[in-house]
$ cat protein22.cif   # mmCIF, C-alpha atoms and all ligand atoms
data_my_file
#
loop_
_atom_site.label_atom_id
_atom_site.label_comp_id
_atom_site.auth_asym_id
_atom_site.auth_seq_id
_atom_site.Cartn_x
_atom_site.Cartn_y
_atom_site.Cartn_z
CA MET A 20 107.16 99.53 147.06
CA LYS A 21 104.71 98.62 144.36
CA ILE A 22 106.32 99.35 141.00
CA GLY A 23 104.53 99.47 137.64
CA VAL A 24 106.34 98.75 134.38
CA LEU A 25 105.30 99.42 130.79
CA THR A 26 106.80 99.11 127.32
CA GLY A 27 105.76 101.77 124.79
CA GLY A 28 106.40 102.61 121.14
CA GLY A 29 107.63 100.24 118.44
CA ASP A 30 108.66 96.88 119.84
CA CYS A 31 112.26 95.73 119.54
CA PRO A 32 114.32 92.77 120.69
CA GLY A 33 115.43 93.19 124.31
CA LEU A 34 112.19 94.49 125.80
CA ASN A 35 111.49 91.24 127.63
CA ALA A 36 115.06 91.19 128.88
CA ALA A 37 114.64 94.72 130.26
CA VAL A 38 111.35 93.85 131.99
CA ARG A 39 113.07 90.77 133.42
CA GLY A 40 115.89 92.98 134.70
CA VAL A 41 113.42 95.30 136.45
CA VAL A 42 111.39 92.47 137.98
CA TYR A 43 114.28 90.32 139.20
CA ARG A 44 116.23 93.21 140.72
CA ALA A 45 113.16 94.84 142.31
CA THR A 46 111.70 91.65 143.75
CA ARG A 47 115.10 90.65 145.17
CA GLN A 48 115.03 93.96 147.00
CA GLY A 49 111.60 93.14 148.43
CA HIS A 50 109.43 95.23 146.11
CA SER A 51 106.57 94.02 143.94
CA VAL A 52 106.18 94.73 140.23
CA VAL A 53 103.03 94.86 138.13
CA GLY A 54 102.98 95.10 134.32
CA PHE A 55 100.80 97.62 132.45
CA LEU A 56 99.47 96.36 129.13
CA ASP A 57 100.09 97.98 125.75
CA GLY A 58 102.25 100.90 126.80
CA TRP A 59 100.58 104.08 128.06
CA LYS A 60 97.23 102.65 126.96
CA GLY A 61 97.42 100.37 130.00
CA LEU A 62 97.76 103.40 132.26
CA LEU A 63 94.75 105.02 130.61
CA ASP A 64 92.58 101.91 130.98
CA GLY A 65 94.07 100.50 134.19
CA ARG A 66 94.83 97.16 132.52
CA THR A 67 97.61 95.20 134.20
CA MET A 68 99.19 91.75 134.35
CA GLU A 69 101.02 89.90 137.11
CA LEU A 70 104.69 89.39 136.37
CA ASP A 71 105.81 85.93 137.24
CA ARG A 72 109.57 85.51 137.75
CA SER A 73 109.68 81.96 136.42
CA ARG A 74 107.84 82.95 133.23
CA LEU A 75 110.17 85.88 132.72
CA GLN A 76 113.33 83.86 133.25
CA THR A 77 113.48 82.36 129.75
CA LEU A 78 111.87 85.33 127.99
CA ILE A 79 115.28 86.99 127.86
CA GLY A 80 115.75 85.28 124.49
CA LYS A 81 112.41 86.25 122.97
CA GLY A 82 111.73 89.34 120.86
CA GLY A 83 108.63 91.53 121.17
CA THR A 84 107.23 92.36 124.57
CA LEU A 85 105.09 90.20 126.84
CA LEU A 86 103.45 93.42 128.06
CA GLY A 87 102.31 94.48 124.61
CA SER A 88 102.96 97.96 123.25
CA SER A 89 101.23 100.88 121.53
CA ARG A 90 102.02 104.34 120.28
CA THR A 91 99.43 105.90 122.59
CA ASN A 92 100.23 109.36 123.90
CA PRO A 93 98.27 109.72 127.15
CA PHE A 94 99.11 113.41 127.46
CA LYS A 95 97.56 114.35 124.14
CA THR A 96 94.54 115.51 126.10
CA GLU A 97 94.08 116.72 129.66
CA GLU A 98 91.48 114.01 130.17
CA GLY A 99 94.11 111.38 129.30
CA ALA A 100 96.56 112.92 131.74
CA GLN A 101 93.99 112.82 134.54
CA ARG A 102 93.15 109.19 133.75
CA VAL A 103 96.81 108.23 134.04
CA LEU A 104 97.11 109.97 137.41
CA THR A 105 93.93 108.29 138.62
CA THR A 106 95.21 104.83 137.59
CA PHE A 107 98.51 105.55 139.32
CA ARG A 108 96.62 106.30 142.54
CA GLU A 109 94.01 103.57 142.27
CA LYS A 110 96.59 100.85 141.60
CA GLY A 111 98.52 102.00 144.66
CA LEU A 112 101.70 102.55 142.65
CA ASP A 113 104.76 103.96 144.35
CA ALA A 114 106.69 104.26 141.10
CA LEU A 115 106.56 103.48 137.40
CA VAL A 116 109.32 102.27 135.08
CA ALA A 117 108.60 103.39 131.50
CA ILE A 118 110.60 101.52 128.87
CA GLY A 119 110.55 103.16 125.45
CA GLY A 120 111.96 105.59 122.93
CA ASP A 121 111.80 109.35 122.84
CA ASP A 122 107.99 109.50 122.81
CA THR A 123 107.48 107.10 125.71
CA LEU A 124 110.17 108.85 127.73
CA THR A 125 108.67 112.27 126.96
CA ALA A 126 105.35 111.01 128.32
CA GLY A 127 107.26 109.67 131.34
CA ARG A 128 108.76 113.09 131.95
CA GLU A 129 105.29 114.67 131.77
CA LEU A 130 103.93 112.21 134.33
CA HIS A 131 106.92 112.93 136.56
CA ARG A 132 106.25 116.68 136.24
CA ARG A 133 102.69 116.05 137.34
CA GLY A 134 103.80 114.28 140.50
CA GLY A 135 104.03 110.63 139.37
CA ARG A 136 107.29 108.96 140.40
CA VAL A 137 108.81 107.72 137.16
CA VAL A 138 112.10 106.18 136.00
CA GLY A 139 112.83 105.64 132.30
CA VAL A 140 114.67 103.01 130.28
CA PRO A 141 115.57 103.90 126.67
CA LYS A 142 114.96 101.39 123.91
CA THR A 143 114.67 101.63 120.15
CA MET A 144 116.03 99.80 117.18
CA ASP A 145 116.63 103.26 115.68
CA ASN A 146 119.40 103.94 118.26
CA ASP A 147 118.44 107.61 118.27
CA VAL A 148 117.85 108.36 121.95
CA ASN A 149 120.15 111.06 123.25
CA ALA A 150 122.38 110.54 126.30
CA THR A 151 122.82 106.82 125.87
CA ASP A 152 125.70 105.43 123.84
CA TRP A 153 123.56 102.63 122.41
CA THR A 154 119.95 101.55 122.73
CA PHE A 155 119.03 97.90 122.86
CA GLY A 156 117.16 96.62 119.81
CA PHE A 157 119.56 98.32 117.44
CA ASP A 158 122.17 95.57 117.37
CA SER A 159 119.55 92.87 116.78
CA ALA A 160 117.62 94.78 114.11
CA SER A 161 120.77 95.81 112.26
CA SER A 162 122.12 92.26 112.36
CA VAL A 163 118.93 91.06 110.64
CA ALA A 164 119.32 93.78 108.01
CA VAL A 165 122.93 92.76 107.36
CA GLU A 166 121.82 89.18 106.85
CA ALA A 167 119.09 90.38 104.48
CA LEU A 168 121.62 92.34 102.46
CA GLU A 169 123.88 89.31 102.20
CA ARG A 170 120.96 87.27 100.89
CA LEU A 171 120.20 89.97 98.34
CA ARG A 172 123.83 89.88 97.27
CA ASP A 173 123.40 86.30 96.04
CA THR A 174 120.53 87.31 93.77
CA ALA A 175 122.10 90.58 92.64
CA ASP A 176 125.28 88.71 91.77
CA SER A 177 123.53 85.85 89.97
CA HIS A 178 121.26 88.12 87.90
CA HIS A 179 123.71 91.00 87.45
CA ARG A 180 121.27 93.44 88.97
CA VAL A 181 121.22 96.41 91.26
CA ILE A 182 119.18 95.80 94.40
CA VAL A 183 118.12 98.54 96.80
CA LEU A 184 117.36 97.51 100.38
CA GLU A 185 115.25 99.91 102.43
CA VAL A 186 115.72 99.65 106.19
CA MET A 187 113.95 101.36 109.09
CA GLY A 188 115.14 104.55 110.72
CA ARG A 189 112.78 107.45 110.86
CA HIS A 190 114.92 110.43 111.80
CA ALA A 191 118.33 108.87 112.24
CA GLY A 192 120.23 106.61 109.87
CA TRP A 193 122.03 104.38 112.39
CA VAL A 194 120.47 101.18 111.07
CA ALA A 195 121.28 102.04 107.44
CA LEU A 196 124.79 103.05 108.48
CA ALA A 197 125.43 99.76 110.30
CA THR A 198 123.87 97.73 107.49
CA GLY A 199 125.84 99.57 104.83
CA ILE A 200 129.19 99.21 106.57
CA ALA A 201 128.79 95.69 107.97
CA GLY A 202 126.96 94.34 104.92
CA ALA A 203 129.40 95.91 102.43
CA ALA A 204 126.91 97.98 100.44
CA ASP A 205 128.18 99.88 97.41
CA TYR A 206 126.31 103.01 98.49
CA THR A 207 124.20 103.95 101.51
CA LEU A 208 121.67 106.75 101.93
CA LEU A 209 120.84 108.23 105.32
CA PRO A 210 118.36 110.91 106.45
CA GLU A 211 121.28 112.95 107.80
CA GLU A 212 122.66 113.68 104.32
CA PRO A 213 121.11 115.48 101.36
CA PHE A 214 120.47 113.21 98.40
CA GLN A 215 123.55 113.20 96.13
CA GLU A 216 122.25 111.61 92.96
CA GLU A 217 125.59 111.92 91.15
CA ASP A 218 127.47 110.12 93.93
CA LEU A 219 124.92 107.33 94.00
CA LEU A 220 125.07 106.87 90.23
CA LEU A 221 128.84 106.91 90.23
CA SER A 222 129.13 104.24 92.92
CA VAL A 223 126.52 102.03 91.34
CA LYS A 224 128.04 102.25 87.86
CA ARG A 225 131.50 101.59 89.25
CA ALA A 226 130.30 98.53 91.18
CA VAL A 227 128.45 97.14 88.16
CA GLN A 228 131.53 97.64 86.02
CA GLN A 229 133.80 95.93 88.53
CA LYS A 230 131.70 92.98 89.68
CA GLY A 231 128.54 92.99 87.60
CA TYR A 232 126.07 94.00 90.31
CA ALA A 233 125.52 96.59 93.03
CA LEU A 234 123.85 96.76 96.43
CA VAL A 235 122.39 99.99 97.78
CA VAL A 236 121.08 100.49 101.32
CA ALA A 237 118.59 103.29 101.96
CA SER A 238 117.11 104.45 105.21
CA GLU A 239 113.32 104.87 105.05
CA GLY A 240 113.90 108.47 106.13
CA ALA A 241 116.44 109.22 103.38
CA GLN A 242 115.74 112.52 101.69
CA VAL A 243 115.12 111.29 98.17
CA SER A 244 112.24 112.70 96.13
CA PRO A 245 109.30 111.29 98.04
CA LYS A 246 106.26 109.76 96.46
CA LEU A 247 104.26 111.72 99.01
CA LYS A 248 104.85 115.41 99.44
CA ALA A 249 105.88 116.67 102.87
CA GLY A 250 102.91 116.68 105.21
CA GLU A 251 100.81 114.32 103.08
CA ALA A 252 101.61 111.12 104.96
CA ALA A 253 99.39 110.06 107.84
CA LYS A 254 100.70 110.86 111.33
CA ASP A 255 100.78 108.83 114.54
CA ASP A 256 99.72 109.97 118.04
CA PHE A 257 103.02 111.74 118.60
CA GLY A 258 102.83 113.62 115.29
CA HIS A 259 105.39 111.51 113.40
CA GLU A 260 104.80 110.79 109.72
CA ILE A 261 104.08 107.13 109.01
CA LEU A 262 106.82 106.48 106.49
CA ARG A 263 105.74 103.17 105.04
CA GLU A 264 104.04 104.82 102.05
CA LYS A 265 106.99 106.95 101.07
CA GLY A 266 108.51 104.26 98.92
CA VAL A 267 112.19 105.21 99.11
CA ALA A 268 113.50 101.88 97.76
CA PRO A 269 111.16 101.59 94.73
CA PHE A 270 111.86 105.22 93.91
CA LEU A 271 115.61 104.62 93.91
CA ALA A 272 115.36 101.37 91.96
CA ASP A 273 113.32 103.14 89.33
CA LEU A 274 115.74 106.01 89.12
CA LEU A 275 118.77 103.72 88.90
CA GLU A 276 117.21 101.58 86.21
CA LYS A 277 116.57 104.66 84.10
CA LYS A 278 119.84 106.46 84.74
CA ALA A 279 122.36 103.64 85.20
CA GLY A 280 120.77 101.44 82.55
CA VAL A 281 120.92 98.30 84.71
CA GLU A 282 118.10 96.00 85.76
CA CYS A 283 117.07 96.97 89.30
CA ARG A 284 114.96 95.55 92.09
CA SER A 285 114.06 96.82 95.52
CA ALA A 286 113.26 95.19 98.85
CA VAL A 287 111.82 96.69 102.01
CA ILE A 288 112.79 94.80 105.15
CA GLY A 289 110.23 96.64 107.32
CA HIS A 290 109.07 94.94 110.47
CA ILE A 291 110.98 91.72 109.75
CA GLN A 292 113.99 93.45 111.27
CA ARG A 293 112.12 94.37 114.46
CA GLY A 294 111.24 90.84 115.53
CA GLY A 295 113.21 87.78 116.54
CA PRO A 296 115.59 86.99 119.38
CA PRO A 297 117.84 89.73 120.75
CA THR A 298 121.57 89.44 120.17
CA LEU A 299 123.93 88.87 123.08
CA PHE A 300 124.74 92.61 123.18
CA ASP A 301 121.07 93.57 123.38
CA ARG A 302 120.29 90.92 126.01
CA LEU A 303 123.05 92.21 128.25
CA LEU A 304 122.35 95.91 127.68
CA ALA A 305 118.60 95.52 128.26
CA THR A 306 119.19 93.45 131.39
CA ARG A 307 121.62 95.99 132.82
CA LEU A 308 119.33 98.94 132.10
CA GLY A 309 116.29 97.17 133.56
CA ALA A 310 118.19 96.32 136.75
CA LYS A 311 119.56 99.88 136.94
CA ALA A 312 116.04 101.29 136.65
CA ALA A 313 114.98 99.15 139.63
CA ASP A 314 118.01 100.45 141.54
CA LEU A 315 117.07 104.06 140.74
CA VAL A 316 113.55 103.43 142.04
CA ALA A 317 114.89 101.78 145.20
CA ALA A 318 117.19 104.75 145.78
CA GLY A 319 114.32 107.19 145.32
CA GLU A 320 115.99 108.73 142.28
CA PHE A 321 112.88 109.56 140.30
CA GLY A 322 112.77 111.60 137.11
CA MET A 323 115.84 109.71 135.95
CA VAL A 324 116.62 107.49 132.96
CA ALA A 325 119.02 104.54 133.06
CA VAL A 326 121.53 104.91 130.23
CA LEU A 327 124.78 103.44 128.94
CA ARG A 328 127.86 105.66 129.15
CA GLY A 329 131.00 103.89 128.02
CA ASP A 330 130.85 100.60 129.89
CA GLN A 331 128.83 101.97 132.80
CA VAL A 332 125.07 102.14 133.29
CA VAL A 333 124.19 105.39 135.03
CA GLY A 334 121.15 107.57 135.73
CA VAL A 335 120.61 110.88 133.93
CA SER A 336 117.66 113.28 134.11
CA PHE A 337 114.76 113.02 131.66
CA ASP A 338 115.75 116.40 130.25
CA GLU A 339 119.22 115.16 129.46
CA ALA A 340 118.00 111.89 127.99
CA ILE A 341 115.41 113.15 125.53
CA GLY A 342 114.75 116.00 123.16
CA ALA A 343 116.41 116.09 119.78
CA PRO A 344 117.11 112.65 118.31
CA LYS A 345 120.71 111.44 118.30
CA LEU A 346 121.83 111.63 114.68
CA VAL A 347 124.70 109.92 112.88
CA THR A 348 127.84 111.98 113.41
CA GLN A 349 130.38 113.16 110.84
CA PRO A 350 133.12 110.63 111.76
CA TRP A 351 130.63 107.81 111.16
CA LEU A 352 129.59 109.36 107.83
CA ASP A 353 133.24 109.62 106.82
CA LEU A 354 133.78 105.98 107.73
CA LEU A 355 130.67 104.92 105.80
CA HIS A 356 131.68 106.69 102.59
CA THR A 357 135.19 105.30 102.81
CA PHE A 358 133.62 102.09 101.54
CA ASP A 359 131.49 103.50 98.70
CA SER A 360 132.26 101.79 95.41
O1 LIG B 401 110.28 102.39 116.45
C1 LIG B 401 110.84 103.14 115.41
C2 LIG B 401 110.50 102.54 114.10
O2 LIG B 401 111.08 101.28 114.05
C3 LIG B 401 110.90 103.39 112.92
O3 LIG B 401 112.15 103.12 112.40
C4 LIG B 401 109.79 103.14 111.93
O4 LIG B 401 109.59 104.25 111.10
C5 LIG B 401 108.62 102.94 112.81
O5 LIG B 401 109.11 102.37 113.98
C6 LIG B 401 107.52 102.08 112.25
O6 LIG B 401 106.48 102.09 113.17
P1 LIG B 401 105.20 101.18 113.15
O7 LIG B 401 105.59 99.84 113.71
O8 LIG B 401 104.25 101.88 114.04
O9 LIG B 401 104.75 101.07 111.74
#
$ encode --input "protein22.cif" --output "structure tokens"
Amino acid sequence: MKIGVLTGGGDCPGLNAAVRGVVYRATRQGHSVVGFLDGWKGLLDGRTMELDRSRLQTLIGKGGTLLGSSRTNPFKTEEGAQRVLTTFREKGLDALVAIGGDDTLTAGRELHRRGGRVVGVPKTMDNDVNATDWTFGFDSASSVAVEALERLRDTADSHHRVIVLEVMGRHAGWVALATGIAGAADYTLLPEEPFQEEDLLLSVKRAVQQKGYALVVASEGAQVSPKLKAGEAAKDDFGHEILREKGVAPFLADLLEKKAGVECRSAVIGHIQRGGPPTLFDRLLATRLGAKAADLVAAGEFGMVAVLRGDQVVGVSFDEAIGAPKLVTQPWLDLLHTFDS
């Protein structure tokens, strides 16, 4: 078989490891694999690259994606959909492996519905794809955020300040949750919870009283009073608000300075947490899912997504894998707030 592979949506550590998993497993089984450039854009334009096993071998440790990525939605228009189907035919593809988050997988499902043979692999540092216990990228990105918080602790402690760290996480607060728990924040704000100003103030004041400083972690999607009103922010191809202008961390720092009477600063980690080498966990998970996707293709199990369930990688249908984002659950929230100051 000739198998295409693409990586779509925001990059995250582990994408190269997943591509490597697909290529090594598929070529060992006698198939050939071609890479499409820049996510679904490559399917629209027919732009591909050869995937060389020896080049891929050491890329397991490199962040980003050698294939490039984009947030292009090829099914936004019927013309785009037809172009994708034409490329599929003209390139002589027997199957496509689409590696991405909810949006990329939703496009994969649409292609599958239109007759393209597609298998999906979930990835996102947000960890919000349904039906998989964890997505690769999350462990690496959260580890960077924990390190950032620990660095901020030195400054907060030395200057007796409150510092608010804003981390990524559009709909789901997994990254903020992990950073808050593992980095020992005094208070953490997630999109899943309504903004409790009193609780925040209480924790911050208590921390300042006890140790002279406080650290707050806030998800970019946290529901604090936004600088921009709902609907004002620009949207991407899939209709998601671009959150970078919302300014959650500066808003909170300002509020805390006024209401807690302590000097405050804010920091936004942004894309720094999306780059860099994948952790061991992400390397292994991405490799397993990539290899599983190749197995699903070889077995003719199209319309499936390779996911992690417990310690097993298994195939589930597109419908089961995508839809509503996977949000932080109540037991996790309870655990998080156990450590509020
Ligand atoms: O891929 C998801 C994500 O990391 C979100 O947490 C964040 O809001 C978004 O990407 C940022 O996207 P971009 O790189 O397009 O600015």
$ closest_atom_pairs --input "protein22.cif" --of "chain A" --to "ligand LIG 401 (chain B)" --cutoff "8 Å" --atoms "all atoms listed in the file" --output "Markdown table"
| residue | atom | partner | partner_atom | distance |
| --- | --- | --- | --- | --- |
| A:Gly28 | CA | B:LIG401 | O1 | 6.1 |
| A:Gly29 | CA | B:LIG401 | O1 | 4.0 |
| A:Asp30 | CA | B:LIG401 | O1 | 6.7 |
| A:Cys31 | CA | B:LIG401 | O1 | 7.6 |
| A:Arg90 | CA | B:LIG401 | O8 | 7.1 |
| A:Gly120 | CA | B:LIG401 | O1 | 7.4 |
| A:Thr143 | CA | B:LIG401 | O1 | 5.8 |
| A:Met144 | CA | B:LIG401 | O2 | 6.0 |
| A:Asp145 | CA | B:LIG401 | O3 | 5.6 |
| A:Val186 | CA | B:LIG401 | O3 | 8.0 |
| A:Met187 | CA | B:LIG401 | O3 | 4.2 |
| A:Gly188 | CA | B:LIG401 | O3 | 3.7 |
| A:Arg189 | CA | B:LIG401 | O4 | 4.5 |
| A:His190 | CA | B:LIG401 | O3 | 7.8 |
| A:Glu239 | CA | B:LIG401 | O4 | 7.1 |
| A:Gly240 | CA | B:LIG401 | O4 | 7.8 |
| A:Asp255 | CA | B:LIG401 | O8 | 7.8 |
| A:Ile261 | CA | B:LIG401 | O4 | 6.6 |
| A:Leu262 | CA | B:LIG401 | O4 | 5.8 |
| A:Arg263 | CA | B:LIG401 | O9 | 7.1 |
| A:Gly289 | CA | B:LIG401 | C6 | 7.8 |
| A:His290 | CA | B:LIG401 | O7 | 6.8 |
| A:Arg293 | CA | B:LIG401 | O2 | 7.0 |
$ closest_atom_pairs --input "protein22.cif" --of "region 122-147 of chain A" --to "region 320-339 of chain A" --cutoff "8 Å" --atoms "all atoms listed in the file" --output "tab-separated table"
residue	atom	partner	partner_atom	distance
A:Leu124	CA	A:Phe337	CA	7.3
A:Thr125	CA	A:Phe337	CA	7.7
A:Arg128	CA	A:Phe337	CA	6.0
A:His131	CA	A:Gly322	CA	6.0
A:Arg136	CA	A:Phe321	CA	5.6
A:Val137	CA	A:Phe321	CA	5.5
A:Val138	CA	A:Met323	CA	5.1
A:Gly139	CA	A:Val324	CA	4.3
A:Val140	CA	A:Ala325	CA	5.4
A:Pro141	CA	A:Val326	CA	7.0
$ residues_around --input "protein22.cif" --residues "Arg102 (chain A)" --least-positions-apart "2" --cutoff "9 Å" --atoms "only C-alpha atoms" --output "JSON, numbers by chain"
{"A": [62, 63, 64, 65, 93, 97, 98, 99, 100, 104, 105, 106, 107]}
$ residues_near_point --input "protein22.cif" --point "(129.3, 102.2, 91.2)" --cutoff "9 Å" --atoms "only C-alpha atoms" --output "mmCIF file with C-alpha atoms, in the coordinates of the input"
data_model
loop_
_atom_site.group_PDB
_atom_site.id
_atom_site.type_symbol
_atom_site.label_atom_id
_atom_site.label_comp_id
_atom_site.auth_asym_id
_atom_site.auth_seq_id
_atom_site.Cartn_x
_atom_site.Cartn_y
_atom_site.Cartn_z
ATOM 1 C CA ASP A 205 128.180 99.880 97.410
ATOM 2 C CA TYR A 206 126.310 103.010 98.490
ATOM 3 C CA ASP A 218 127.470 110.120 93.930
ATOM 4 C CA LEU A 219 124.920 107.330 94.000
ATOM 5 C CA LEU A 220 125.070 106.870 90.230
ATOM 6 C CA LEU A 221 128.840 106.910 90.230
ATOM 7 C CA SER A 222 129.130 104.240 92.920
ATOM 8 C CA VAL A 223 126.520 102.030 91.340
ATOM 9 C CA LYS A 224 128.040 102.250 87.860
ATOM 10 C CA ARG A 225 131.500 101.590 89.250
ATOM 11 C CA ALA A 226 130.300 98.530 91.180
ATOM 12 C CA VAL A 227 128.450 97.140 88.160
ATOM 13 C CA GLN A 228 131.530 97.640 86.020
ATOM 14 C CA GLN A 229 133.800 95.930 88.530
ATOM 15 C CA TYR A 232 126.070 94.000 90.310
ATOM 16 C CA ALA A 233 125.520 96.590 93.030
ATOM 17 C CA ASP A 359 131.490 103.500 98.700
ATOM 18 C CA SER A 360 132.260 101.790 95.410
#
$ closest_residue --input "protein22.cif" --among "A:Asn92, A:Lys265, A:Ala36, A:His178" --to "Arg74 (chain A)" --atoms "all atoms listed in the file"
A:Ala36
$ closest_residue --input "protein22.cif" --among "A:Thr298, A:Gln48, A:Ser73, A:Thr306" --to "Ala160 (chain A)" --atoms "only C-alpha atoms"
A:Thr298
$ atom_distance --input "protein22.cif" --atom1 "CA of Arg170 (chain A)" --atom2 "CA of Asp158 (chain A)"
18.5 Å
$ closest_residue --input "protein22.cif" --among "A:Val38, A:Leu56, A:Ala241, A:Leu303" --to "Arg72 (chain A)" --atoms "all atoms listed in the file"
A:Val38
$ closest_residue --input "protein22.cif" --among "A:Thr207, A:Ser238, A:Gln292, A:Ser88" --to "Pro32 (chain A)" --atoms "all atoms listed in the file"
A:Gln292
$ closest_residue --input "protein22.cif" --among "A:Ile341, A:Ala164, A:Leu196, A:Arg302" --to "Thr77 (chain A)" --atoms "all atoms listed in the file"
A:Arg302
$ atom_distance --input "protein22.cif" --atom1 "CA of Leu168 (chain A)" --atom2 "CA of Leu274 (chain A)"
20.0 Å
$ atom_distance --input "protein22.cif" --atom1 "CA of Thr174 (chain A)" --atom2 "CA of Leu354 (chain A)"
26.8 Å
$ closest_residue --input "protein22.cif" --among "A:Asp176, A:Glu211, A:Glu69, A:Glu169" --to "Trp193 (chain A)" --atoms "only C-alpha atoms"
A:Glu211
